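Reading through the C-alpha cells given below for one structure.
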Amino acid sequence: MGYAIKRQLTRVLLLVHFVGLTLSLGTIFTNVLIERHTGSGSLEQLSFGRDLVNLSSQYLIQSGFLIMVFSGILLTLLRYGIRAPFWAWLKLGLSVVIFAVVIFALDPARSVATEWAHWSAQHGQLAPEFLESTSRAARIGRSVLFLFAITTIVAIWKPMWPGSRARRAANATVSQAPASAS
Ligand code: HEM
C-alpha cells in the first residue's frame, strides 16, 4: 500500500477510534446524570430512567466500545503489523476483560434493577430489592470505569516490553550515526 494512502487511512481510523471513545465515555456520564435526575423523582420517573439507561448502554456505550476496539485493531495492524508493541496487546487484553465484565456481570445486574424499578412503579411502592440491585450494578459499573481509565492511561503512556525502549533508542542512534558523521 502506498505511503500516502496508509497515512490517510491511519488518520481516518484514529478519528473513528476517538468517535468510539467519545460515544462510550460520553454516554456513561450521561447515564450517571439520568440516574441522579430520575432517582429522586416519582416511581414512574425512576422506572423510565432505568429504561433509558438500559437502552443507551446497549445501543450507544456498547456500539461505541466495539467501534473503538475494531478501529484500534485495524490501526495496530496498519501501523505495526502482527508484531504489535506490548501496549497494544495490553489494551486488547483490557478491552476483552471490560467487554466480558459488561456482558456477563453489568448487563444482567442492570436488567434486574430495571425489573425491580418496573415492579415498584406497578405496585406503587419502592421494592427493597431495587436498592440492593442498583447498588450492585453501580459497583460493577465503577469497576468497568476503573478498567476504562487504566486502558486510557496505557493508551497515553504506551508501556513497552522490558528493554525494548532501550533497543529502539539504540537502533535510532545507529541509523542516525552516518548522517551525523558526514
Ligand atoms: C477501552 C479501550 C480503549 C481506549 C480507552 C483507547 C484509547 C486510546 C487513546 C486515548 C488513544 C490516543 C493515544 C495517542 O495517540 O497518544 C488511542 C490510540 C490508539 N489505540 Fe486505543 N483505546 C482502546 C482500545 C484499543 C484497542 C483494543 C487497540 C488495539 C489493540 C487500540 C489501538 C490503538 C492504536 C494503534 C492507537 C494509535 C496510537 C499510536 O500508534 O501512537 N486501542 N487509544
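Residues are referred to by chain and number: the chain letter is A, B, ... according to the order shown in the C-alpha cells, the number counts from 1 in that chain, and ligands are numbered separately from 1 in the order shown.
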| task | For ligand 1, collect every residue having any atom at a distance of at most 6 Å from a ligand atom (counting only C-alpha atoms and all ligand atoms); output as a list in words. | result |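 What falls inside 6 Å of ligand 1 is Met68, Val69, Gly72, Ile73, Leu75, Thr76, Ala88, Trp89, Lys91, Leu92, Ser95, Phe148, Thr151, Thr152, Ala155 and Ile156 of chain A.
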Would you mind exporting the chosen residues as an mmCIF file, in the first residue's frame, restricted to C-alpha atoms?
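Dumped everything to selection.cif:
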data_model
loop_
_atom_site.group_PDB
_atom_site.id
_atom_site.type_symbol
_atom_site.label_atom_id
_atom_site.label_comp_id
_atom_site.auth_asym_id
_atom_site.auth_seq_id
_atom_site.Cartn_x
_atom_site.Cartn_y
_atom_site.Cartn_z
ATOM 1 C CA MET A 68 -13.158 1.623 19.383
ATOM 2 C CA VAL A 69 -11.876 -1.956 19.628
ATOM 3 C CA GLY A 72 -7.890 0.038 17.356
ATOM 4 C CA ILE A 73 -7.113 -3.424 15.974
ATOM 5 C CA LEU A 75 -4.874 0.836 13.425
ATOM 6 C CA THR A 76 -2.427 -1.528 15.097
ATOM 7 C CA ALA A 88 -1.342 -2.669 22.059
ATOM 8 C CA TRP A 89 -1.670 -6.253 23.381
ATOM 9 C CA LYS A 91 -5.065 -2.627 25.545
ATOM 10 C CA LEU A 92 -6.600 -5.512 23.647
ATOM 11 C CA SER A 95 -10.730 -4.335 26.309
ATOM 12 C CA PHE A 148 -11.527 2.055 31.190
ATOM 13 C CA THR A 151 -6.802 1.410 29.398
ATOM 14 C CA THR A 152 -6.723 5.153 28.674
ATOM 15 C CA ALA A 155 -3.031 4.318 25.577
ATOM 16 C CA ILE A 156 -1.290 7.549 26.518
#
Shell around Arg50 (chain A) at 8 Å using only C-alpha atoms, local window under 6 positions removed, as a short mmCIF file (atom, residue, chain, number, x, y, z; two decimals) with N, CA and C atoms, in the first residue's frame:
data_model
loop_
_atom_site.label_atom_id
_atom_site.label_comp_id
_atom_site.auth_asym_id
_atom_site.auth_seq_id
_atom_site.Cartn_x
_atom_site.Cartn_y
_atom_site.Cartn_z
N GLU A 35 -29.53 8.82 35.88
CA GLU A 35 -29.82 8.07 37.12
C GLU A 35 -30.03 9.01 38.30
N ALA A 113 -32.13 -4.66 38.11
CA ALA A 113 -32.52 -3.37 38.71
C ALA A 113 -33.71 -2.76 37.95
N THR A 114 -33.69 -2.90 36.62
CA THR A 114 -34.79 -2.34 35.81
C THR A 114 -36.10 -3.08 36.09
N ALA A 117 -37.45 -1.83 39.23
CA ALA A 117 -37.98 -0.47 39.07
C ALA A 117 -39.38 -0.54 38.46
#
| Can you list, as a ChimeraX atom specification, every residue of chain A that DSSP puts in alpha helix (DSSP H)? | /A:3-39,43-56,62-80,86-101,107-123,128-157,164-181
Prev. selection, C-alpha atoms, output as a compact mmCIF listing (two decimals), in the first residue's frame:
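That gives us part_11.txt:
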# COMPACT_ATOMS: atom_id res chain seq x y z
CA TYR A 3 2.73 5.55 1.96
CA ALA A 4 0.30 8.43 1.39
CA ILE A 5 -2.77 6.14 1.38
CA LYS A 6 -1.56 4.35 4.52
CA ARG A 7 -1.05 7.69 6.26
CA GLN A 8 -4.54 8.94 5.38
CA LEU A 9 -6.13 5.62 6.38
CA THR A 10 -4.33 5.73 9.74
CA ARG A 11 -5.70 9.23 10.33
CA VAL A 12 -9.25 8.19 9.47
CA LEU A 13 -9.01 5.14 11.77
CA LEU A 14 -7.65 7.28 14.63
CA LEU A 15 -10.61 9.61 14.15
CA VAL A 16 -13.01 6.62 14.22
CA HIS A 17 -11.19 5.36 17.36
CA PHE A 18 -11.87 8.71 19.06
CA VAL A 19 -15.50 8.76 17.90
CA GLY A 20 -15.96 5.35 19.58
CA LEU A 21 -14.22 6.60 22.74
CA THR A 22 -16.39 9.73 22.88
CA LEU A 23 -19.58 7.74 22.28
CA SER A 24 -18.77 5.29 25.09
CA LEU A 25 -17.44 7.72 27.69
CA GLY A 26 -19.95 10.48 26.88
CA THR A 27 -22.89 8.09 27.25
CA ILE A 28 -21.52 6.64 30.53
CA PHE A 29 -21.51 10.15 32.05
CA THR A 30 -24.94 10.93 30.55
CA ASN A 31 -26.29 7.78 32.22
CA VAL A 32 -24.92 8.89 35.60
CA LEU A 33 -26.81 12.17 35.11
CA ILE A 34 -30.06 10.38 34.09
CA GLU A 35 -29.82 8.07 37.12
CA ARG A 36 -29.25 11.01 39.50
CA HIS A 37 -32.06 13.06 37.98
CA THR A 38 -34.74 10.35 37.79
CA GLY A 39 -33.71 8.61 41.04
CA LEU A 43 -41.59 5.76 40.87
CA GLU A 44 -42.69 6.18 37.24
CA GLN A 45 -39.75 8.51 36.62
CA LEU A 46 -37.43 6.05 38.30
CA SER A 47 -38.66 3.23 36.06
CA PHE A 48 -38.40 5.43 32.94
CA GLY A 49 -34.87 6.43 33.94
CA ARG A 50 -33.83 2.76 34.22
CA ASP A 51 -35.29 2.05 30.75
CA LEU A 52 -33.31 4.97 29.29
CA VAL A 53 -30.08 3.82 30.95
CA ASN A 54 -30.58 0.26 29.65
CA LEU A 55 -31.28 1.46 26.12
CA SER A 56 -28.33 3.83 25.91
CA GLN A 62 -21.53 -1.00 23.63
CA SER A 63 -21.56 0.14 19.97
CA GLY A 64 -19.03 2.90 20.76
CA PHE A 65 -16.85 0.38 22.56
CA LEU A 66 -16.93 -2.09 19.65
CA ILE A 67 -16.14 0.73 17.18
CA MET A 68 -13.16 1.62 19.38
CA VAL A 69 -11.88 -1.96 19.63
CA PHE A 70 -12.20 -2.75 15.90
CA SER A 71 -10.68 0.58 14.77
CA GLY A 72 -7.89 0.04 17.36
CA ILE A 73 -7.11 -3.42 15.97
CA LEU A 74 -7.07 -2.11 12.37
CA LEU A 75 -4.87 0.84 13.43
CA THR A 76 -2.43 -1.53 15.10
CA LEU A 77 -2.25 -3.84 12.07
CA LEU A 78 -1.74 -0.87 9.75
CA ARG A 79 0.94 0.82 11.86
CA TYR A 80 2.82 -2.12 13.35
CA PHE A 86 3.32 -4.57 24.23
CA TRP A 87 0.90 -1.70 25.00
CA ALA A 88 -1.34 -2.67 22.06
CA TRP A 89 -1.67 -6.25 23.38
CA LEU A 90 -2.27 -4.86 26.87
CA LYS A 91 -5.07 -2.63 25.55
CA LEU A 92 -6.60 -5.51 23.65
CA GLY A 93 -6.49 -7.70 26.77
CA LEU A 94 -8.03 -4.97 28.94
CA SER A 95 -10.73 -4.34 26.31
CA VAL A 96 -11.65 -8.04 26.26
CA VAL A 97 -11.89 -8.02 30.09
CA ILE A 98 -14.07 -4.88 30.02
CA PHE A 99 -16.37 -6.40 27.41
CA ALA A 100 -16.67 -9.67 29.36
CA VAL A 101 -17.50 -7.82 32.62
CA ASP A 107 -25.87 -6.13 31.82
CA PRO A 108 -27.57 -8.81 33.98
CA ALA A 109 -27.28 -6.62 37.12
CA ARG A 110 -28.80 -3.66 35.24
CA SER A 111 -31.66 -5.79 33.91
CA VAL A 112 -32.52 -6.98 37.43
CA ALA A 113 -32.52 -3.37 38.71
CA THR A 114 -34.79 -2.34 35.81
CA GLU A 115 -37.22 -5.18 36.55
CA TRP A 116 -37.45 -4.07 40.20
CA ALA A 117 -37.98 -0.47 39.07
CA HIS A 118 -40.90 -1.63 36.86
CA TRP A 119 -42.30 -3.70 39.76
CA SER A 120 -42.06 -0.64 42.07
CA ALA A 121 -43.88 1.60 39.56
CA GLN A 122 -46.63 -1.02 39.05
CA HIS A 123 -47.16 -1.65 42.79
CA PRO A 128 -36.26 -3.10 48.84
CA GLU A 129 -34.61 -5.33 46.21
CA PHE A 130 -34.39 -2.31 43.92
CA LEU A 131 -31.86 -0.53 46.13
CA GLU A 132 -29.85 -3.71 46.53
CA SER A 133 -29.77 -4.39 42.78
CA THR A 134 -28.92 -0.78 41.81
CA SER A 135 -26.04 -0.64 44.27
CA ARG A 136 -24.72 -3.94 42.84
CA ALA A 137 -25.00 -2.56 39.28
CA ALA A 138 -23.30 0.68 40.40
CA ARG A 139 -20.42 -1.29 41.98
CA ILE A 140 -19.81 -3.25 38.77
CA GLY A 141 -20.18 -0.03 36.72
CA ARG A 142 -17.44 1.62 38.82
CA SER A 143 -15.13 -1.36 38.17
CA VAL A 144 -15.75 -1.00 34.42
CA LEU A 145 -14.98 2.72 34.59
CA PHE A 146 -11.78 1.93 36.52
CA LEU A 147 -10.66 -0.56 33.82
CA PHE A 148 -11.53 2.06 31.19
CA ALA A 149 -9.33 4.62 32.98
CA ILE A 150 -6.44 2.09 33.16
CA THR A 151 -6.80 1.41 29.40
CA THR A 152 -6.72 5.15 28.67
CA ILE A 153 -3.57 5.52 30.80
CA VAL A 154 -1.99 2.61 28.87
CA ALA A 155 -3.03 4.32 25.58
CA ILE A 156 -1.29 7.55 26.52
CA TRP A 157 1.72 6.20 28.44
CA SER A 164 12.56 -2.77 24.02
CA ARG A 165 12.53 1.03 24.51
CA ALA A 166 16.33 0.91 25.05
CA ARG A 167 16.71 -1.28 21.92
CA ARG A 168 14.67 1.19 19.85
CA ALA A 169 16.72 4.12 21.12
CA ALA A 170 19.94 2.24 20.27
CA ASN A 171 18.64 1.45 16.74
CA ALA A 172 17.69 5.09 16.21
CA THR A 173 21.19 6.20 17.28
CA VAL A 174 22.82 3.67 14.93
CA SER A 175 20.66 4.72 11.96
CA GLN A 176 21.48 8.40 12.60
CA ALA A 177 25.23 7.80 13.04
CA PRO A 178 26.36 8.06 9.36
CA ALA A 179 24.24 11.19 8.87
CA SER A 180 25.86 12.94 11.85
CA ALA A 181 29.34 11.66 10.92
| request: Provide the CA of Pro85 (chain A) to CA of Trp161 (chain A) distance in Å, to one decimal place. | output: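 These atoms are spaced 7.4 Å apart.
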| task | Record the distance separating CA of Ala105 (chain A) and CA of Gln125 (chain A), expressed in Å with one decimal. | result |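 Answer for the CA of Ala105 (chain A) to CA of Gln125 (chain A) separation: 26.9 Å.
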